[in-house]
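Visitor: For reference, the structure I am asking about is given below.
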Amino acid sequence: MSGFVEKPEPVQVPGLTHLHTGKVRDLYRNEAGDLVMVASDRMSAYDWVLPTEIPDKGRVLTRLSLWWFDKLADLVPNHVLSTELPAGAPADWEGRTLICKSLDMVPVEAVARGYLTGSGLLEYNESRTVCGLALPEGLTDGSELPAPIFTPATKAAVGDHDENVSYEEVARQVGAETAALLRQTTLAVYSRARDIARERGIILADTKFEFGFEGDTLVLADEVLTPDSSRFWPAAEWEPGRAQPSYDKQIVRNWLTSPASGWDRKSEQPPPALPQEVVEKTRAKYIEAYELLTGQAWS
C-alpha cells in the first residue's frame with residue numbers, strides 16, 4: 001500500500017471544476033477551459049503523501065518555477081498564462097496558483113542526468129548502464145557523467161513509483177519524431193539550467209520535466225527545476241563516492257528511515273507525522289535553494 005495517508009477534500013470554488021488531486025498539486029479547469037494549478041504544501045516520500053505539510057513549500061515551488069520559466073523562455077515555450085488568483089478562490093491560494101494552457105500532455109517523465117545517483121546508480125552498479133545507455137567503468141555515487149544523458153521514465157499514479165524506460169520504448173509510445181524532440185529539448189534545458197546553477201555554487205545533478213503539445217509546438221509544463229523535481233547539491237561539498245548533501249526532501253527521507261520514526265518502509269503501515277524540527281529544517285532547505293538560485297530574499 002501507498003498513496004495518501006490522509007487524502008484532502010478538494011476546495012470548492014465557483015467557476016472551477018476540480019480535475020485531480022496529485023501528490024503536491026491540485027488541478028482545476030476554469031470556465032474558459034484553462035487549467036488552474038495550485039501547489040499545496042504537501043510533502044511526499046517513498047510513494048506516500050505524508051500527513052504533515054511543510055509551510056510555504058507550494059509558494060517556493062511556484063515562485064521558483066516562474067523564475068526558471070523566464071530563464072528558459074528562448075529555448076522552449078511554457079504553459080503559464082497568468083498568476084492572477086481566480087475569483088472566489090481562498091486567500092491561501094495566493095502565490096501558489098498558476099493559470100495554464102490546457103495541453104496534450106506527453107505521457108513520459110523527461111529526465112536528464114548529469115551526475116550518477118539514485119535509481120541511475122542502482123542500474124549502473126548492476127549493468128554499467130542507465131536506461132540502457134552504456135556508461136564507462138569506474139563511476140560511483142555522485143560522479144559527473146561524461147555528458148548529460150536523457151533517461152526517461154513512465155508517469156506513475158499517486159502511490160506508485162515512476163519506472164525508468166529506454167529511449168526505444170519512448171519512441172514506441174510516442175513516435176520517433178516526438179521522442180527525438182523530447183530528448184533534444186530536455187538536454188538543452190538541463191544544460192542551460194546546470195550552467196546557471198553552477199554560477200551560483202549549486203550542482204544540478206538531475207531533474208525531470210513534463211511536456212505537452214499545443215498544436216505542433218512542444219511546451220514545458222507543470223513545475224520546473226524545483227527541489228521537488230530536481231537534485232540540487234552544494235558544489236563546495238561535492239565529493240563523489242558518497243551520498244551528497246542536497247537542497248530537497250532528503251531530511252524527511254533520512255528521518256523516516258531512521259529508528260526515531262519507528263516506521264518500517266517495507267511494511268504496509270503509513271508513515272507517521274513529521275516532528276516540528278524536521279518540518280522547520282526542510283522548509284529552510286527549500287527556501288535556501290530558492291534564495292541561492294534566484295539571488296532574491298524569500299519574503
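Ordered as shown in the C-alpha cells, chains take letters A, B, and onward, while each chain numbers its residues from 1 and ligands are numbered from 1 in the order shown.
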Where does DSSP see strand (DSSP E or B) in segment 24-248 of chain A, if you list the residues as JSON, numbers by chain?
Guide: {"A": [25, 26, 27, 28, 29, 35, 36, 37, 38, 39, 44, 45, 48, 49, 78, 80, 81, 82, 97, 98, 99, 100, 104, 105, 108, 109, 110, 111, 112, 113, 114, 115, 129, 130, 133, 134, 144, 145, 146, 147, 148, 149, 150, 153, 154, 164, 202, 203, 204, 205, 206, 207, 208, 209, 210, 211, 212, 213, 214, 217, 218, 219, 220, 221, 230, 231, 232, 233, 234]}
Visitor: Find the residues around segment 25-33 of chain A up to 9 Å (only C-alpha atoms counted), leave out those fewer than 4 positions away in its own chain, and share them as a PyMOL selection string.
Guide: chain A and resi 10+15-21+37-42+58+86+99+101-102
Visitor: Could you pull out all residues of segment 214-253 of chain A with a DSSP call of alpha helix (DSSP H) and give them as an mmCIF file with N, CA, C and O atoms, in the first residue's frame?
Guide:
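states-v3.cif, written as the output of this step:
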```cif
data_model
loop_
_atom_site.group_PDB
_atom_site.id
_atom_site.type_symbol
_atom_site.label_atom_id
_atom_site.label_comp_id
_atom_site.auth_asym_id
_atom_site.auth_seq_id
_atom_site.Cartn_x
_atom_site.Cartn_y
_atom_site.Cartn_z
ATOM 1 N N GLN A 250 15.550 15.339 1.392
ATOM 2 C CA GLN A 250 16.386 14.295 1.971
ATOM 3 C C GLN A 250 16.307 14.269 3.489
ATOM 4 O O GLN A 250 16.407 13.210 4.112
ATOM 5 N N ILE A 251 16.113 15.417 4.092
ATOM 6 C CA ILE A 251 15.950 15.485 5.554
ATOM 7 C C ILE A 251 14.757 14.635 5.979
ATOM 8 O O ILE A 251 14.816 13.896 6.973
ATOM 9 N N VAL A 252 13.679 14.724 5.209
ATOM 10 C CA VAL A 252 12.470 13.946 5.510
ATOM 11 C C VAL A 252 12.747 12.456 5.304
ATOM 12 O O VAL A 252 12.398 11.626 6.157
ATOM 13 N N ARG A 253 13.364 12.119 4.175
ATOM 14 C CA ARG A 253 13.676 10.708 3.913
ATOM 15 C C ARG A 253 14.566 10.127 5.017
ATOM 16 O O ARG A 253 14.346 9.004 5.489
#
```
Visitor: Measuring between only C-alpha atoms, which one of A:Gly142, A:Leu292, A:Asp70, A:Glu84 shows the shortest distance to Gln244 of chain A?
Guide: A:Gly142
Visitor: Provide the atom CA of Trp67 of chain A to atom CA of Asp104 of chain A distance in Å, to one decimal place.
Guide: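 Answer for the atom CA of Trp67 of chain A to atom CA of Asp104 of chain A separation: 23.9 Å.
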Visitor: Extract, using only C-alpha atoms, all DNA, RNA and protein residues at most 10 Å from Ser143 of chain A, discarding same-chain residues fewer than 6 positions from it, and format them as a ChimeraX atom specification.
Guide: /A:114-117,121,205,238-242
Visitor: Store the residues picked out above in a file with N, CA, C and O atoms, as a PDB file, in the first residue's frame.
Guide:
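Below is the file that was written, again21.pdb:
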```
ATOM      1  N   GLY A 114      23.052  14.563 -15.175  1.00  0.00           N
ATOM      2  CA  GLY A 114      24.432  14.959 -15.418  1.00  0.00           C
ATOM      3  C   GLY A 114      25.385  14.299 -14.450  1.00  0.00           C
ATOM      4  O   GLY A 114      26.610  14.354 -14.636  1.00  0.00           O
ATOM      5  N   TYR A 115      24.820  13.679 -13.415  1.00  0.00           N
ATOM      6  CA  TYR A 115      25.600  13.015 -12.371  1.00  0.00           C
ATOM      7  C   TYR A 115      24.915  11.690 -12.047  1.00  0.00           C
ATOM      8  O   TYR A 115      23.713  11.524 -12.251  1.00  0.00           O
ATOM      9  N   LEU A 116      25.680  10.765 -11.518  1.00  0.00           N
ATOM     10  CA  LEU A 116      25.172   9.425 -11.242  1.00  0.00           C
ATOM     11  C   LEU A 116      24.736   9.311  -9.784  1.00  0.00           C
ATOM     12  O   LEU A 116      25.537   9.488  -8.868  1.00  0.00           O
ATOM     13  N   THR A 117      23.455   9.022  -9.580  1.00  0.00           N
ATOM     14  CA  THR A 117      22.936   8.810  -8.235  1.00  0.00           C
ATOM     15  C   THR A 117      21.533   8.214  -8.346  1.00  0.00           C
ATOM     16  O   THR A 117      21.018   8.017  -9.436  1.00  0.00           O
ATOM     17  N   LEU A 121      22.134   5.104 -10.318  1.00  0.00           N
ATOM     18  CA  LEU A 121      23.272   4.434  -9.686  1.00  0.00           C
ATOM     19  C   LEU A 121      22.990   2.950  -9.476  1.00  0.00           C
ATOM     20  O   LEU A 121      23.866   2.102  -9.698  1.00  0.00           O
ATOM     21  N   ALA A 205      22.236  17.923 -10.279  1.00  0.00           N
ATOM     22  CA  ALA A 205      22.622  16.533 -10.564  1.00  0.00           C
ATOM     23  C   ALA A 205      21.693  15.894 -11.583  1.00  0.00           C
ATOM     24  O   ALA A 205      22.138  15.240 -12.526  1.00  0.00           O
ATOM     25  N   TRP A 238      30.647  18.876  -2.813  1.00  0.00           N
ATOM     26  CA  TRP A 238      30.547  17.720  -3.713  1.00  0.00           C
ATOM     27  C   TRP A 238      31.749  16.800  -3.545  1.00  0.00           C
ATOM     28  O   TRP A 238      32.891  17.251  -3.602  1.00  0.00           O
ATOM     29  N   GLU A 239      31.497  15.547  -3.326  1.00  0.00           N
ATOM     30  CA  GLU A 239      32.557  14.556  -3.135  1.00  0.00           C
ATOM     31  C   GLU A 239      32.062  13.193  -3.613  1.00  0.00           C
ATOM     32  O   GLU A 239      31.352  12.484  -2.883  1.00  0.00           O
ATOM     33  N   PRO A 240      32.394  12.814  -4.842  1.00  0.00           N
ATOM     34  CA  PRO A 240      31.941  11.517  -5.357  1.00  0.00           C
ATOM     35  C   PRO A 240      32.396  10.368  -4.454  1.00  0.00           C
ATOM     36  O   PRO A 240      33.437  10.433  -3.815  1.00  0.00           O
ATOM     37  N   GLY A 241      31.548   9.325  -4.432  1.00  0.00           N
ATOM     38  CA  GLY A 241      31.853   8.172  -3.597  1.00  0.00           C
ATOM     39  C   GLY A 241      30.992   8.087  -2.360  1.00  0.00           C
ATOM     40  O   GLY A 241      31.129   7.163  -1.554  1.00  0.00           O
ATOM     41  N   ARG A 242      30.080   9.049  -2.205  1.00  0.00           N
ATOM     42  CA  ARG A 242      29.176   9.041  -1.057  1.00  0.00           C
ATOM     43  C   ARG A 242      27.892   9.756  -1.451  1.00  0.00           C
ATOM     44  O   ARG A 242      27.816  10.403  -2.493  1.00  0.00           O
TER      45      ARG A 242
END
```
Visitor: Using only C-alpha atoms, which protein or nucleic acid residues come within 12 Å of Ala171 of chain A? Drop anything in the same chain fewer than 5 positions from it, and give the result as a PDB file with all heavy atoms, in the first residue's frame.
Guide:
```pdb
ATOM      1  N   VAL A 106       2.439  14.774 -23.003  1.00  0.00           N
ATOM      2  CA  VAL A 106       3.232  13.604 -23.395  1.00  0.00           C
ATOM      3  C   VAL A 106       3.327  12.675 -22.186  1.00  0.00           C
ATOM      4  O   VAL A 106       3.723  13.117 -21.106  1.00  0.00           O
ATOM      5  CB  VAL A 106       4.637  14.023 -23.854  1.00  0.00           C
ATOM      6  CG1 VAL A 106       5.459  12.803 -24.262  1.00  0.00           C
ATOM      7  CG2 VAL A 106       4.564  15.034 -24.988  1.00  0.00           C
ATOM      8  N   PRO A 107       2.966  11.405 -22.318  1.00  0.00           N
ATOM      9  CA  PRO A 107       2.881  10.516 -21.159  1.00  0.00           C
ATOM     10  C   PRO A 107       4.238   9.957 -20.724  1.00  0.00           C
ATOM     11  O   PRO A 107       4.400   8.758 -20.500  1.00  0.00           O
ATOM     12  CB  PRO A 107       1.960   9.400 -21.659  1.00  0.00           C
ATOM     13  CG  PRO A 107       2.264   9.312 -23.112  1.00  0.00           C
ATOM     14  CD  PRO A 107       2.529  10.731 -23.566  1.00  0.00           C
ATOM     15  N   VAL A 108       5.229  10.856 -20.612  1.00  0.00           N
ATOM     16  CA  VAL A 108       6.595  10.441 -20.268  1.00  0.00           C
ATOM     17  C   VAL A 108       7.200  11.484 -19.346  1.00  0.00           C
ATOM     18  O   VAL A 108       7.015  12.694 -19.567  1.00  0.00           O
ATOM     19  CB  VAL A 108       7.465  10.318 -21.548  1.00  0.00           C
ATOM     20  CG1 VAL A 108       8.929  10.083 -21.194  1.00  0.00           C
ATOM     21  CG2 VAL A 108       6.953   9.221 -22.455  1.00  0.00           C
ATOM     22  N   PRO A 152      14.437   8.709 -19.694  1.00  0.00           N
ATOM     23  CA  PRO A 152      13.005   8.891 -19.455  1.00  0.00           C
ATOM     24  C   PRO A 152      12.427   7.879 -18.477  1.00  0.00           C
ATOM     25  O   PRO A 152      13.017   6.839 -18.198  1.00  0.00           O
ATOM     26  CB  PRO A 152      12.401   8.720 -20.850  1.00  0.00           C
ATOM     27  CG  PRO A 152      13.390   7.876 -21.587  1.00  0.00           C
ATOM     28  CD  PRO A 152      14.731   8.260 -21.068  1.00  0.00           C
ATOM     29  N   VAL A 165      12.571   3.873 -18.291  1.00  0.00           N
ATOM     30  CA  VAL A 165      12.364   3.130 -19.543  1.00  0.00           C
ATOM     31  C   VAL A 165      13.436   3.545 -20.540  1.00  0.00           C
ATOM     32  O   VAL A 165      14.069   4.593 -20.402  1.00  0.00           O
ATOM     33  CB  VAL A 165      10.957   3.384 -20.147  1.00  0.00           C
ATOM     34  CG1 VAL A 165       9.875   2.825 -19.251  1.00  0.00           C
ATOM     35  CG2 VAL A 165      10.736   4.871 -20.404  1.00  0.00           C
ATOM     36  N   SER A 166      13.625   2.747 -21.552  1.00  0.00           N
ATOM     37  CA  SER A 166      14.630   3.050 -22.572  1.00  0.00           C
ATOM     38  C   SER A 166      14.096   4.101 -23.544  1.00  0.00           C
ATOM     39  O   SER A 166      12.885   4.306 -23.683  1.00  0.00           O
ATOM     40  CB  SER A 166      15.001   1.783 -23.336  1.00  0.00           C
ATOM     41  OG  SER A 166      13.906   1.344 -24.119  1.00  0.00           O
ATOM     42  N   ALA A 176       8.874   8.265 -33.126  1.00  0.00           N
ATOM     43  CA  ALA A 176      10.301   8.596 -33.195  1.00  0.00           C
ATOM     44  C   ALA A 176      10.541  10.106 -33.221  1.00  0.00           C
ATOM     45  O   ALA A 176      11.472  10.614 -32.584  1.00  0.00           O
ATOM     46  CB  ALA A 176      10.922   7.943 -34.433  1.00  0.00           C
ATOM     47  N   GLU A 177       9.688  10.846 -33.942  1.00  0.00           N
ATOM     48  CA  GLU A 177       9.891  12.294 -34.057  1.00  0.00           C
ATOM     49  C   GLU A 177       9.693  12.992 -32.718  1.00  0.00           C
ATOM     50  O   GLU A 177      10.503  13.843 -32.306  1.00  0.00           O
ATOM     51  CB  GLU A 177       8.932  12.869 -35.106  1.00  0.00           C
ATOM     52  CG  GLU A 177       9.159  14.329 -35.402  1.00  0.00           C
ATOM     53  CD  GLU A 177       8.271  14.838 -36.520  1.00  0.00           C
ATOM     54  OE1 GLU A 177       7.720  14.009 -37.270  1.00  0.00           O
ATOM     55  OE2 GLU A 177       8.121  16.069 -36.630  1.00  0.00           O
ATOM     56  N   THR A 178       8.632  12.623 -32.009  1.00  0.00           N
ATOM     57  CA  THR A 178       8.383  13.227 -30.694  1.00  0.00           C
ATOM     58  C   THR A 178       9.458  12.824 -29.693  1.00  0.00           C
ATOM     59  O   THR A 178       9.923  13.645 -28.891  1.00  0.00           O
ATOM     60  CB  THR A 178       6.996  12.818 -30.166  1.00  0.00           C
ATOM     61  OG1 THR A 178       5.996  13.357 -31.033  1.00  0.00           O
ATOM     62  CG2 THR A 178       6.762  13.326 -28.753  1.00  0.00           C
ATOM     63  N   ALA A 179       9.894  11.558 -29.727  1.00  0.00           N
ATOM     64  CA  ALA A 179      10.945  11.104 -28.813  1.00  0.00           C
ATOM     65  C   ALA A 179      12.230  11.893 -29.024  1.00  0.00           C
ATOM     66  O   ALA A 179      12.890  12.315 -28.062  1.00  0.00           O
ATOM     67  CB  ALA A 179      11.199   9.612 -29.004  1.00  0.00           C
ATOM     68  N   ALA A 180      12.597  12.115 -30.285  1.00  0.00           N
ATOM     69  CA  ALA A 180      13.816  12.867 -30.585  1.00  0.00           C
ATOM     70  C   ALA A 180      13.702  14.313 -30.109  1.00  0.00           C
ATOM     71  O   ALA A 180      14.657  14.887 -29.553  1.00  0.00           O
ATOM     72  CB  ALA A 180      14.102  12.818 -32.087  1.00  0.00           C
ATOM     73  N   LEU A 181      12.517  14.919 -30.293  1.00  0.00           N
ATOM     74  CA  LEU A 181      12.296  16.291 -29.852  1.00  0.00           C
ATOM     75  C   LEU A 181      12.345  16.385 -28.323  1.00  0.00           C
ATOM     76  O   LEU A 181      12.911  17.339 -27.768  1.00  0.00           O
ATOM     77  CB  LEU A 181      10.948  16.786 -30.380  1.00  0.00           C
ATOM     78  CG  LEU A 181      10.574  18.239 -30.063  1.00  0.00           C
ATOM     79  CD1 LEU A 181      11.612  19.208 -30.605  1.00  0.00           C
ATOM     80  CD2 LEU A 181       9.187  18.558 -30.616  1.00  0.00           C
ATOM     81  N   LEU A 182      11.754  15.394 -27.656  1.00  0.00           N
ATOM     82  CA  LEU A 182      11.808  15.354 -26.192  1.00  0.00           C
ATOM     83  C   LEU A 182      13.250  15.304 -25.703  1.00  0.00           C
ATOM     84  O   LEU A 182      13.637  16.040 -24.794  1.00  0.00           O
ATOM     85  CB  LEU A 182      11.069  14.120 -25.667  1.00  0.00           C
ATOM     86  CG  LEU A 182       9.579  14.178 -25.405  1.00  0.00           C
ATOM     87  CD1 LEU A 182       9.125  12.833 -24.847  1.00  0.00           C
ATOM     88  CD2 LEU A 182       9.226  15.302 -24.442  1.00  0.00           C
ATOM     89  N   ARG A 183      14.030  14.417 -26.285  1.00  0.00           N
ATOM     90  CA  ARG A 183      15.424  14.260 -25.850  1.00  0.00           C
ATOM     91  C   ARG A 183      16.221  15.531 -26.100  1.00  0.00           C
ATOM     92  O   ARG A 183      16.935  16.013 -25.206  1.00  0.00           O
ATOM     93  CB  ARG A 183      16.072  13.082 -26.589  1.00  0.00           C
ATOM     94  CG  ARG A 183      17.543  12.864 -26.215  1.00  0.00           C
ATOM     95  CD  ARG A 183      18.064  11.539 -26.739  1.00  0.00           C
ATOM     96  NE  ARG A 183      17.988  11.461 -28.196  1.00  0.00           N
ATOM     97  CZ  ARG A 183      18.311  10.370 -28.893  1.00  0.00           C
ATOM     98  NH1 ARG A 183      18.717   9.268 -28.267  1.00  0.00           N
ATOM     99  NH2 ARG A 183      18.221  10.360 -30.207  1.00  0.00           N
TER     100      ARG A 183
END
```
Visitor: In terms of the shortest atom-to-atom distance over only C-alpha atoms, which of A:Ala284, A:Val80, A:Leu256, A:Ile203 is closest to Ser65 of chain A?
Guide: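 Comparing A:Ala284, A:Val80, A:Leu256, A:Ile203 against Ser65 of chain A, the winner is A:Val80.
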Visitor: Enter the distance from atom CA of Val219 of chain A to atom CA of Pro77 of chain A, in Å, rounded to one decimal.
Guide: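 Computed distance, atom CA of Val219 of chain A to atom CA of Pro77 of chain A, equals 5.2 Å.
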Visitor: Can you pull out every residue within 12 Å of Asp74 of chain A, counting only C-alpha atoms, but drop anything in the same chain fewer than 3 positions away, and send it as a VMD selection string?
Guide: chain A and resid 68 to 71 77 to 78 185 188 to 189 192 219 to 220
Visitor: Pick the closest to Val278 of chain A from A:Leu139, A:Val224, A:Thr257, A:Lys249: which is it, counting only C-alpha atoms?
Guide: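 Answer, going by the shortest atom-to-atom distance: A:Lys249.
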Visitor: From the set A:Val5, A:Leu122, A:Ala73, A:Ala197, which residue has the shortest atom-to-atom contact distance to Thr140 of chain A, counting only C-alpha atoms?
Guide: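 Looking at the shortest contact to Thr140 of chain A, the residue is A:Leu122.
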